[in-house]
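Everything below concerns the one structure shown next.
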Amino acid sequence: MNQDTLTLTPQQLIRKRAAGEPVEPGAPPQIHQRIINVLLENSMGALIRVVNMFSARGFNLDSVAVGVTDDPTISRLCIVTSGNERVISQILRQLNRLVDTIQVDDVTGADFVERELCIIKVRCRGAKRAEVLQVNEIFRGRVVDVTPDVLALEIVGPTRKVDAFVNLMRPHGIDEIARSGRVAMQRAPQPEHGPEHD
Amino acid sequence: MPSASTAAAVADTPQRLRGKAAVQQYIGKKMSGAEIFLHALEAEDARVVFGHPGGAVIHVYDEMARVQPNFKHVLVRHEQGGTHAAEGYAKATGEVGTVLVTSGPGATNTVTGIADAFMDSVPIVVFTGQVPLPLIGNDAFQETDTLGVTRSITKHNYLVRAPEDIPRIVHEAYHLARTGRPGPVVVDLPKDVLMAEGVFRFNEAIRMRGYSVPHECDEVRLRRAVRMIESSQRPLLYVGGGVINANACEALTEFARHMNIPVTTSLHGLGAFPEDDPLSLGMLGMHGMWWANQAVQHADLIIAVGARFDDRVTGMVDRWAPHAAIIHIEIDKSCISKNIYADLAFNADARAVLEELRPLVRPRKVKRWLNKIRDWRKECPLSYADDGELRPQFVLERLRAKTGGNAVAITDVGQNQMWAAQYLKFTQPRSHITSGGLGTMGFSLPAALGAGLGLRAYGIDKTVISINGDGGFMMNAQELAVAAAHGVPLKVVIMNNNFLGMVRQWQELFHENRFSHTDLTDTNPDFVQLARASRCAAFRAERPDQVEDVIDQAWAVDDRPAVMEFRVVKEEMVFPMVPAGKSSDEMITSRHAPETFV
Ligand SMILES: Cc1ncc(C[n+]2csc(CCOP(=O)(O)OP(=O)(O)O)c2C)c(N)n1
Ligand SMILES: [Mg+2]
């Protein structure tokens with residue numbers, strides 16, 4: 001490897017950099033997580049085609065969230081994936097290549113709002129229960145179901161907030177967990193003072 | 001993004017204008033879904049349908065007998081043959097090929113041909129019967145999830161849910177197959193939809209908001225291209241099948257000659273640029289010309305047109321063309337910077353870009369570069385032994401002499417394919433057809449059948465030659481009888497080396513001569529008898545001095561296929577060769593010099 005790097009031509013260096021492949025020997029691969037929004041014909045076949053394309057081409061698919069838009073013939077996908085520059089550009093192009101995709105946007109670099117919803121059942125009674133409820137309070141979660149042994153909590157926020165919450169619940173014993181996957185939306189461009197970011 | 005202009009442009013293609021005239025009398029009439037389907041095909045000006053009946057499409061065949069549509073139906077003997085025939089039809093004529101099969105096994109038999117068309121950008125539409133809508137998902141008799149099975153090998157696929165939808169979906173299918181980067185489209189037709197009644201309407205416009213044909217060819221890009229070309233000392237054009245698909249061969253030839261830039265082509269690019277032109281370097285890649293690969297490795301600019309940097313072209317991709325900046329002109333954006341980063345890309349129609357670019361660039365003065373290439377040519381020319389044995393290269397040279405290049409050669413897969421690519425010296429677009437991307441043995445014979453019928457349907461008088469190995473010929477030999485039944489005067493060559501020759505070559509070079517299951521000596525049929533039993537003329541040559549005679553006899557047959565078996569040397573190898581995964585610098589040029597030849 002070392003030798004190869006030393007003998008790279010300028011053109012080979014350009015290619016490696018463009019692909020996001022490490023140029024220095026031993027450097028870690030430059031893998032980034034990306035959030036991609038897709039507007040899609042609202043049909044079962046269209047959704048399967050997108051998911052199938054990820055598996056057929058060996059791309060990562062960390063999460064997908066799907067829902068219909070205000071136009072009932074169009075659904076919107078929020079895809080979380082990862083890869084180096086070359087892989088991401090391939091993913092975007094392969095998505096665009098599908099006949100059913102109407103629009104593909106990589107929102108990662110842009111200013112965007114991102115949310116994930118999580119419902120979590122935590123096993124707790126007595127003093128433990130107060131502790132759980134306190135954490136829930138701090139995270140602005142909601143209690144959606146209660147039994148003597150179990151609390152079901154709903155938490156909404158950016159994925160890292162959901163992750164943090166789940167980690168705090170773990171010691172109490174998580175009975176069941178359901179996460180929606182991320183949804184994201186680019187912010188409208190704000191003149192001067194925009195709203196606070198979370 | 002959706003573009004308004006596509007809709008308008010589509011409605012007036014010559015095919016549609018002819019089609020509309022043909023179906024005028026049926027517009028607005030009530031009829032069965034099956035009949036609507038037949039008229040929808042007429043509306044696309046489909047001239048030949050390669051099909052095979054079965055329960056799910058029996059109503060279509062019934063209406064065919066009753067309505068007598070204006071296209072010719074050709075009953076193939078295996079649905080795989082049908083898809084390859086449609087590919088041959090499409091590649092030879094530039095029109096969309098059509099296939100009609102039944103559900104279940106009929107549909108699954110088409111899968112190889114669909115995958116082949118997907119890899120090689122061949123416009124075909126495959127209509128598959130399906131069980132009635134209410135039965136779908138019930139494991140009904142001859143039910144297969146055809147949409148699921150073909151999803152990743154089609155440009156798009158459809159399930160039709162109502163007879164009235166048929167004209168729109170058929171129209172979209174042909175439009176998708178033909179435009180942009182061409183490819184296969186599957187339309188699944190449930191039996192109850194074909195039986196139900198509906199009104200036939202002529203679909204006037206395409207409305208697909210997710211599909212449009214790109215045209216990224218602006219001032220800025222053009223100016224950058226001019227700068228890159230004018231500052232290069234060692235420019236090279238690398239041309240693929242996309243140039244032929246875009247009907248851009250003339251534009252390319254003018255471009256190269258005007259600018260004095262040498263041209264090398266991929267396997268599918270053969271014929272896009274005349275090989276007798278002094279600027280032609282022939283094919284590059286695994287079994288390409290040694291000098292063409294040398295040119296790649298030394299070029300400082302590669303203009304890739306309608307090509308996708310396949311691994312059979314690049315070998316080890318990290319070491320391919322290490323000094324070359326890349327300009328990539330390509331209609332499929334996903335091919336750009338996929339394997340090799342493009343410093344400048346035109347995601348657009350090849351002809352449009354070449355025509356816009358040509359007047360902007362001054363001719364290149366690259367005498368030293370061209371001289372260098374001339375020297376490489378002398379250093380390592382193509383050669384084979386002239387020792388009285390019958391060798392395939394000799395046969396190909398005699399065939400070339402017979403046709404003067406004015407024929408369509410359709411090759412199978414293996415050594416025969418590579419020798420044909422090396423020795424037939426193509427000078428015309430659409431004169432070379434092969435299975436490159438998928439490498440499907442059994443492609444040639446049915447594809448030749450389709451090409452022959454396609455050329456006939458468009459009134460083009462050209463000899464069609466099918467070149468086969470003894471292994472691959474057996475994979476779709478059943479279509480010989482079909483070619484005979486339709487009086488297609490194919491010239492069918494079997495290069496019989498009594499071996500799965502290409503595998504044998506790898507076994508000799510990389511597996512210490514362990515010829516595991518590749519020797520066919522005792523298992524091949526008598527090809528001459530097989531051909532005669534299929535109502536074809538058949539001839540055999542075992543020595544070089546018989547070749548001329550056999551070719552002349554075969555060419556004298558004009559009412560059915562003529563099969564020529566050439567008993568060639570089994571040990572013959574295809575050289576030069578870049579071993580799989582090696583760099584283009586590391587070509588093996590003979591079995592005695594496996595060390596790197598630089
Ligand atoms: C359907 C299919 N099966 C297997 C292969 C692998 N394969 C590639 S070339 C080849 C040998 C072909 O032998 P033959 O048709 O006699 O041609 P030759 O190489 O001898 O000219 C094989 C088995 C293939 N390409 N296609
Ligand atoms: Mg053979």
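By convention in this document, the chains of the structure tokens carry letters A, B, ... by their order, each chain's residues are numbered from 1, and ligands are numbered from 1 in the order they are shown.
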Exercise. Got a sec to pull out which chain B residues are within 7 Å of chain A, counting only C-alpha atoms, and send them as a PyMOL selection string?
Worked result: chain B and resi 1+151+156+209-211+322-325+333-334+338+341
Any chance you can output those residues with all heavy atoms as a CSV table (one decimal), in the first residue's frame?
```
chain,number,residue,atom,x,y,z
B,1,MET,N,-36.0,15.9,-13.0
B,1,MET,CA,-37.3,16.6,-12.9
B,1,MET,C,-38.1,16.5,-14.1
B,1,MET,O,-37.6,16.3,-15.2
B,1,MET,CB,-37.0,18.1,-12.6
B,1,MET,CG,-36.6,18.4,-11.2
B,1,MET,SD,-37.8,17.6,-10.0
B,1,MET,CE,-39.2,18.7,-10.1
B,151,ARG,N,-37.4,-7.1,-11.2
B,151,ARG,CA,-37.3,-5.7,-10.7
B,151,ARG,C,-35.8,-5.2,-10.9
B,151,ARG,O,-35.6,-4.1,-11.4
B,151,ARG,CB,-37.7,-5.6,-9.3
B,151,ARG,CG,-37.8,-4.1,-8.8
B,151,ARG,CD,-38.6,-4.1,-7.5
B,151,ARG,NE,-40.0,-4.3,-7.6
B,151,ARG,CZ,-40.7,-5.2,-6.9
B,151,ARG,NH1,-40.1,-6.0,-6.1
B,151,ARG,NH2,-42.0,-5.3,-7.1
B,156,HIS,N,-37.7,-0.6,-16.0
B,156,HIS,CA,-38.9,-0.4,-15.3
B,156,HIS,C,-39.8,-1.6,-15.5
B,156,HIS,O,-39.7,-2.3,-16.5
B,156,HIS,CB,-39.6,0.9,-15.8
B,156,HIS,CG,-40.6,1.4,-14.8
B,156,HIS,ND1,-40.3,1.8,-13.5
B,156,HIS,CD2,-41.9,1.8,-14.9
B,156,HIS,CE1,-41.3,2.3,-12.9
B,156,HIS,NE2,-42.3,2.3,-13.8
B,209,ARG,N,-43.6,12.0,-14.5
B,209,ARG,CA,-42.9,13.1,-13.9
B,209,ARG,C,-41.5,12.7,-13.4
B,209,ARG,O,-40.7,13.6,-13.1
B,209,ARG,CB,-43.8,13.7,-12.8
B,209,ARG,CG,-44.3,12.7,-11.8
B,209,ARG,CD,-45.3,13.3,-10.9
B,209,ARG,NE,-46.0,12.2,-10.2
B,209,ARG,CZ,-47.0,12.4,-9.4
B,209,ARG,NH1,-47.5,13.6,-9.3
B,209,ARG,NH2,-47.6,11.3,-8.8
B,210,GLY,N,-41.3,11.4,-13.2
B,210,GLY,CA,-40.0,11.0,-12.7
B,210,GLY,C,-39.0,10.7,-13.8
B,210,GLY,O,-37.9,10.3,-13.5
B,211,TYR,N,-39.4,10.8,-15.0
B,211,TYR,CA,-38.5,10.4,-16.1
B,211,TYR,C,-38.3,11.5,-17.1
B,211,TYR,O,-39.2,12.0,-17.7
B,211,TYR,CB,-39.1,9.1,-16.8
B,211,TYR,CG,-38.2,8.6,-17.9
B,211,TYR,CD1,-37.1,7.8,-17.6
B,211,TYR,CD2,-38.5,8.8,-19.2
B,211,TYR,CE1,-36.3,7.3,-18.6
B,211,TYR,CE2,-37.7,8.3,-20.2
B,211,TYR,CZ,-36.6,7.6,-19.9
B,211,TYR,OH,-35.8,7.1,-20.9
B,322,PRO,N,-3.3,6.0,-15.9
B,322,PRO,CA,-2.9,6.7,-14.7
B,322,PRO,C,-2.6,8.2,-15.0
B,322,PRO,O,-2.5,9.0,-14.0
B,322,PRO,CB,-1.6,6.0,-14.3
B,322,PRO,CG,-1.1,5.3,-15.5
B,322,PRO,CD,-2.4,4.9,-16.2
B,323,HIS,N,-2.4,8.5,-16.2
B,323,HIS,CA,-2.0,9.9,-16.5
B,323,HIS,C,-3.1,10.7,-17.2
B,323,HIS,O,-3.0,11.9,-17.5
B,323,HIS,CB,-0.8,10.0,-17.4
B,323,HIS,CG,0.3,9.1,-16.9
B,323,HIS,ND1,1.1,9.4,-15.8
B,323,HIS,CD2,0.8,7.9,-17.4
B,323,HIS,CE1,2.0,8.5,-15.6
B,323,HIS,NE2,1.8,7.5,-16.5
B,324,ALA,N,-4.3,10.1,-17.4
B,324,ALA,CA,-5.3,10.7,-18.2
B,324,ALA,C,-6.3,11.5,-17.4
B,324,ALA,O,-6.9,10.9,-16.5
B,324,ALA,CB,-6.0,9.7,-19.1
B,325,ALA,N,-6.6,12.7,-17.8
B,325,ALA,CA,-7.8,13.4,-17.4
B,325,ALA,C,-8.9,12.8,-18.2
B,325,ALA,O,-8.7,12.3,-19.3
B,325,ALA,CB,-7.7,14.9,-17.6
B,333,LYS,N,-26.4,9.0,-16.0
B,333,LYS,CA,-25.6,9.7,-15.1
B,333,LYS,C,-24.9,8.7,-14.1
B,333,LYS,O,-23.8,9.0,-13.6
B,333,LYS,CB,-26.4,10.7,-14.3
B,333,LYS,CG,-25.6,11.7,-13.5
B,333,LYS,CD,-26.4,12.9,-13.2
B,333,LYS,CE,-25.4,14.1,-12.8
B,333,LYS,NZ,-26.1,15.3,-12.7
B,334,SER,N,-25.6,7.6,-13.8
B,334,SER,CA,-25.0,6.7,-12.8
B,334,SER,C,-23.8,6.0,-13.3
B,334,SER,O,-23.0,5.4,-12.6
B,334,SER,CB,-26.1,5.6,-12.4
B,334,SER,OG,-26.3,4.7,-13.4
B,338,LYS,N,-18.5,6.3,-11.8
B,338,LYS,CA,-18.8,5.1,-11.1
B,338,LYS,C,-17.5,4.3,-10.8
B,338,LYS,O,-17.2,4.0,-9.7
B,338,LYS,CB,-19.9,4.3,-11.8
B,338,LYS,CG,-20.2,3.0,-11.1
B,338,LYS,CD,-21.4,2.3,-11.7
B,338,LYS,CE,-21.0,1.6,-13.0
B,338,LYS,NZ,-22.1,0.9,-13.7
B,341,TYR,N,-13.3,8.3,-12.0
B,341,TYR,CA,-13.7,9.6,-11.8
B,341,TYR,C,-13.6,10.4,-13.1
B,341,TYR,O,-12.6,10.4,-13.7
B,341,TYR,CB,-12.9,10.3,-10.7
B,341,TYR,CG,-13.2,11.8,-10.5
B,341,TYR,CD1,-14.4,12.2,-10.0
B,341,TYR,CD2,-12.3,12.7,-10.9
B,341,TYR,CE1,-14.7,13.6,-9.8
B,341,TYR,CE2,-12.5,14.1,-10.7
B,341,TYR,CZ,-13.7,14.5,-10.2
B,341,TYR,OH,-14.0,15.8,-10.1
```
How close does chain B get to ligand 1? List, as a tab-separated table, each residue of chain B within 7 Å, its nearest atom pair and the distance in Å to one decimal, counting only C-alpha atoms and all ligand atoms.
```
residue	atom	partner	partner_atom_place_in_ligand_line	distance
B:Val413	CA	ligand 1	9 (S)	5.4
B:Gly414	CA	ligand 1	19 (O)	3.5
B:Gln415	CA	ligand 1	19 (O)	3.7
B:Asn416	CA	ligand 1	21 (O)	3.8
B:Gln417	CA	ligand 1	21 (O)	6.7
B:Gly439	CA	ligand 1	25 (N)	4.8
B:Thr440	CA	ligand 1	26 (N)	4.3
B:Met441	CA	ligand 1	26 (N)	4.0
B:Gly442	CA	ligand 1	1 (C)	6.7
B:Asn468	CA	ligand 1	15 (O)	6.3
B:Gly469	CA	ligand 1	15 (O)	3.5
B:Asp470	CA	ligand 1	16 (O)	4.1
B:Gly471	CA	ligand 1	15 (O)	3.4
B:Gly472	CA	ligand 1	15 (O)	3.6
B:Phe473	CA	ligand 1	15 (O)	6.3
B:Met495	CA	ligand 1	21 (O)	6.4
B:Asn496	CA	ligand 1	16 (O)	6.7
B:Asn497	CA	ligand 1	20 (O)	5.8
B:Asn498	CA	ligand 1	16 (O)	6.7
B:Phe499	CA	ligand 1	20 (O)	5.2
B:Leu500	CA	ligand 1	13 (O)	3.3
B:Gly501	CA	ligand 1	20 (O)	3.1
B:Met502	CA	ligand 1	19 (O)	3.8
B:Val503	CA	ligand 1	11 (C)	5.3
```
Problem set entry | Separation of atom CA of Ala409 of chain B from atom CA of Pro544 of chain B in Å |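 Rounded to one decimal, the two atoms are 21.2 Å apart.
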Problem set entry | Residues flagged strand (DSSP E or B) by DSSP in segment 129-172 of chain B, as a PyMOL selection string | chain B and resi 129-130+156-159
Exercise. If you count only C-alpha atoms, which residues fall within 12 Å of segment 156-158 of chain A, apart from same-chain ones fewer than 6 positions away, as a ChimeraX atom specification?
Worked result: /A:112-120,136,139-142,164-166,178-185,197-198
Please save N, CA and C atoms of the selected residues as a PDB file, in the first residue's frame.
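Printed below is selection-v1.pdb as written:
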```pdb
ATOM      1  N   PHE A 112     -31.045  21.750   8.101  1.00  0.00           N
ATOM      2  CA  PHE A 112     -32.301  20.992   8.108  1.00  0.00           C
ATOM      3  C   PHE A 112     -32.775  20.676   9.520  1.00  0.00           C
ATOM      4  N   VAL A 113     -34.056  20.403   9.640  1.00  0.00           N
ATOM      5  CA  VAL A 113     -34.626  19.945  10.896  1.00  0.00           C
ATOM      6  C   VAL A 113     -34.770  18.436  10.789  1.00  0.00           C
ATOM      7  N   GLU A 114     -34.495  17.759  11.878  1.00  0.00           N
ATOM      8  CA  GLU A 114     -34.492  16.312  11.818  1.00  0.00           C
ATOM      9  C   GLU A 114     -35.196  15.780  13.059  1.00  0.00           C
ATOM     10  N   ARG A 115     -36.074  14.827  12.902  1.00  0.00           N
ATOM     11  CA  ARG A 115     -36.796  14.262  14.047  1.00  0.00           C
ATOM     12  C   ARG A 115     -36.916  12.753  13.912  1.00  0.00           C
ATOM     13  N   GLU A 116     -36.982  12.123  15.082  1.00  0.00           N
ATOM     14  CA  GLU A 116     -37.288  10.713  15.111  1.00  0.00           C
ATOM     15  C   GLU A 116     -38.250  10.488  16.269  1.00  0.00           C
ATOM     16  N   LEU A 117     -39.160   9.565  16.095  1.00  0.00           N
ATOM     17  CA  LEU A 117     -40.089   9.256  17.172  1.00  0.00           C
ATOM     18  C   LEU A 117     -39.762   7.867  17.712  1.00  0.00           C
ATOM     19  N   CYS A 118     -39.867   7.768  19.036  1.00  0.00           N
ATOM     20  CA  CYS A 118     -39.552   6.476  19.646  1.00  0.00           C
ATOM     21  C   CYS A 118     -40.575   6.178  20.740  1.00  0.00           C
ATOM     22  N   ILE A 119     -41.120   4.988  20.716  1.00  0.00           N
ATOM     23  CA  ILE A 119     -41.968   4.550  21.822  1.00  0.00           C
ATOM     24  C   ILE A 119     -41.222   3.432  22.538  1.00  0.00           C
ATOM     25  N   ILE A 120     -41.145   3.575  23.846  1.00  0.00           N
ATOM     26  CA  ILE A 120     -40.306   2.638  24.593  1.00  0.00           C
ATOM     27  C   ILE A 120     -41.045   2.176  25.845  1.00  0.00           C
ATOM     28  N   ASN A 136     -37.705  11.294  31.857  1.00  0.00           N
ATOM     29  CA  ASN A 136     -38.699  11.525  30.805  1.00  0.00           C
ATOM     30  C   ASN A 136     -39.077  13.012  30.745  1.00  0.00           C
ATOM     31  N   PHE A 139     -36.397  15.097  29.139  1.00  0.00           N
ATOM     32  CA  PHE A 139     -36.365  14.905  27.684  1.00  0.00           C
ATOM     33  C   PHE A 139     -37.684  15.316  27.013  1.00  0.00           C
ATOM     34  N   ARG A 140     -38.561  15.873  27.785  1.00  0.00           N
ATOM     35  CA  ARG A 140     -39.890  16.261  27.290  1.00  0.00           C
ATOM     36  C   ARG A 140     -40.604  15.100  26.614  1.00  0.00           C
ATOM     37  N   GLY A 141     -40.503  13.948  27.223  1.00  0.00           N
ATOM     38  CA  GLY A 141     -41.223  12.789  26.713  1.00  0.00           C
ATOM     39  C   GLY A 141     -42.643  12.788  27.240  1.00  0.00           C
ATOM     40  N   ARG A 142     -43.461  11.879  26.705  1.00  0.00           N
ATOM     41  CA  ARG A 142     -44.839  11.759  27.180  1.00  0.00           C
ATOM     42  C   ARG A 142     -45.090  10.328  27.610  1.00  0.00           C
ATOM     43  N   ALA A 164     -29.731   9.115  23.303  1.00  0.00           N
ATOM     44  CA  ALA A 164     -29.345   9.415  24.689  1.00  0.00           C
ATOM     45  C   ALA A 164     -30.427   8.922  25.649  1.00  0.00           C
ATOM     46  N   PHE A 165     -31.657   9.161  25.280  1.00  0.00           N
ATOM     47  CA  PHE A 165     -32.766   8.736  26.136  1.00  0.00           C
ATOM     48  C   PHE A 165     -32.795   7.212  26.286  1.00  0.00           C
ATOM     49  N   VAL A 166     -32.654   6.546  25.155  1.00  0.00           N
ATOM     50  CA  VAL A 166     -32.678   5.074  25.180  1.00  0.00           C
ATOM     51  C   VAL A 166     -31.552   4.547  26.066  1.00  0.00           C
ATOM     52  N   ALA A 178     -39.749   0.808  19.794  1.00  0.00           N
ATOM     53  CA  ALA A 178     -40.089   1.006  18.382  1.00  0.00           C
ATOM     54  C   ALA A 178     -39.619   2.386  17.973  1.00  0.00           C
ATOM     55  N   ARG A 179     -38.791   2.442  16.937  1.00  0.00           N
ATOM     56  CA  ARG A 179     -38.297   3.741  16.462  1.00  0.00           C
ATOM     57  C   ARG A 179     -38.767   3.946  15.029  1.00  0.00           C
ATOM     58  N   SER A 180     -39.095   5.167  14.702  1.00  0.00           N
ATOM     59  CA  SER A 180     -39.686   5.458  13.387  1.00  0.00           C
ATOM     60  C   SER A 180     -38.658   5.582  12.287  1.00  0.00           C
ATOM     61  N   GLY A 181     -37.389   5.729  12.630  1.00  0.00           N
ATOM     62  CA  GLY A 181     -36.415   6.136  11.623  1.00  0.00           C
ATOM     63  C   GLY A 181     -36.516   7.640  11.479  1.00  0.00           C
ATOM     64  N   ARG A 182     -35.478   8.229  10.918  1.00  0.00           N
ATOM     65  CA  ARG A 182     -35.450   9.680  10.868  1.00  0.00           C
ATOM     66  C   ARG A 182     -36.320  10.258   9.770  1.00  0.00           C
ATOM     67  N   VAL A 183     -36.896  11.407  10.040  1.00  0.00           N
ATOM     68  CA  VAL A 183     -37.409  12.224   8.953  1.00  0.00           C
ATOM     69  C   VAL A 183     -36.703  13.564   9.034  1.00  0.00           C
ATOM     70  N   ALA A 184     -36.495  14.165   7.879  1.00  0.00           N
ATOM     71  CA  ALA A 184     -35.755  15.424   7.857  1.00  0.00           C
ATOM     72  C   ALA A 184     -36.360  16.353   6.830  1.00  0.00           C
ATOM     73  N   MET A 185     -36.194  17.634   7.080  1.00  0.00           N
ATOM     74  CA  MET A 185     -36.686  18.620   6.124  1.00  0.00           C
ATOM     75  C   MET A 185     -35.765  19.825   6.141  1.00  0.00           C
ATOM     76  N   HIS A 197     -32.044  27.073  16.413  1.00  0.00           N
ATOM     77  CA  HIS A 197     -31.910  25.664  16.020  1.00  0.00           C
ATOM     78  C   HIS A 197     -31.908  24.801  17.257  1.00  0.00           C
ATOM     79  N   ASP A 198     -32.330  23.566  17.111  1.00  0.00           N
ATOM     80  CA  ASP A 198     -32.246  22.697  18.283  1.00  0.00           C
ATOM     81  C   ASP A 198     -30.885  22.031  18.347  1.00  0.00           C
TER      82      ASP A 198
END
```
Seminar exercise, completed: Separating atom CA of Glu397 of chain B from atom CA of Gly436 of chain B, to the nearest tenth of an Å, is a gap of 21.9 Å
For this session: Tell me, as a list in words, which residues lie within 10 Å of Tyr384 of chain B, counting only C-alpha atoms; anything in the same chain fewer than 3 positions away does not count.
Result: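 Contacts, with the query itself left out: Pro381, Asp387, Arg391, Pro392, Gln393, Phe394, Glu572, Met573, Val574 and Phe575 of chain B.
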Exercise. Which neighbours of Leu41 of chain B fall inside 10 Å, counting only C-alpha atoms, when residues of the same chain fewer than 4 positions from it are skipped, and could you give them as a ChimeraX atom specification?
Worked result: /B:19,23,35-37,45-49,69-71,98,166-167,170-171,174
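The coordinates place atom CA of Glu571 of chain B at 11.8 Å from atom CA of Ala385 of chain B.
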Exercise. Please, which residues of chain A, numbered as in this document, come out alpha helix (DSSP H) from DSSP, as a PyMOL selection string?
Worked result: chain A and resi 2-6+10-19+44-56+85-97+127-138+159-169
For this session: Compare A:Val122, A:Ala127, A:Pro191, A:Asp111 by their minimum atom-to-atom distance to Ile177 of chain A, counting only C-alpha atoms, and give me the closest one.
Result: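 Of all the options, A:Val122 lies closest to Ile177 of chain A.
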Residues within 7 Å of Ser82 of chain A, please, as a CSV table (one decimal) with N, CA, C and O atoms, in the first residue's frame. Count only C-alpha atoms; anything in the same chain fewer than 2 positions from it doesn't count.
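Listed below is the output, around_33.csv:
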```
chain,number,residue,atom,x,y,z
A,31,ILE,N,-15.9,7.7,5.7
A,31,ILE,CA,-17.3,7.3,5.5
A,31,ILE,C,-18.2,8.3,6.3
A,31,ILE,O,-17.9,8.6,7.4
A,32,HIS,N,-19.2,8.8,5.6
A,32,HIS,CA,-20.0,9.8,6.3
A,32,HIS,C,-21.5,9.3,6.2
A,32,HIS,O,-21.9,8.7,5.3
A,33,GLN,N,-22.2,9.7,7.3
A,33,GLN,CA,-23.7,9.4,7.2
A,33,GLN,C,-24.4,10.5,6.4
A,33,GLN,O,-24.0,11.7,6.6
A,34,ARG,N,-25.4,10.1,5.7
A,34,ARG,CA,-26.1,11.1,4.9
A,34,ARG,C,-27.6,10.9,5.0
A,34,ARG,O,-28.1,9.7,5.2
A,60,ASN,N,-25.4,0.8,2.0
A,60,ASN,CA,-26.0,0.7,3.4
A,60,ASN,C,-27.3,1.4,3.4
A,60,ASN,O,-27.6,2.4,2.7
```
Exercise. Nearest to Val150 of chain A: which of A:Arg123, A:Glu176, A:Glu137, A:Asp163 is it, counting only C-alpha atoms?
Worked result: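 Counting only C-alpha atoms, the residue closest to Val150 of chain A is A:Arg123.
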For this session: Go through A:Pro189, A:Gly83, A:Gly173, A:Gly109 and flag the residue nearest Arg125 of chain A, using only C-alpha atoms for the distances.
Result: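 That would be A:Gly173, the residue with the smallest distance to Arg125 of chain A.
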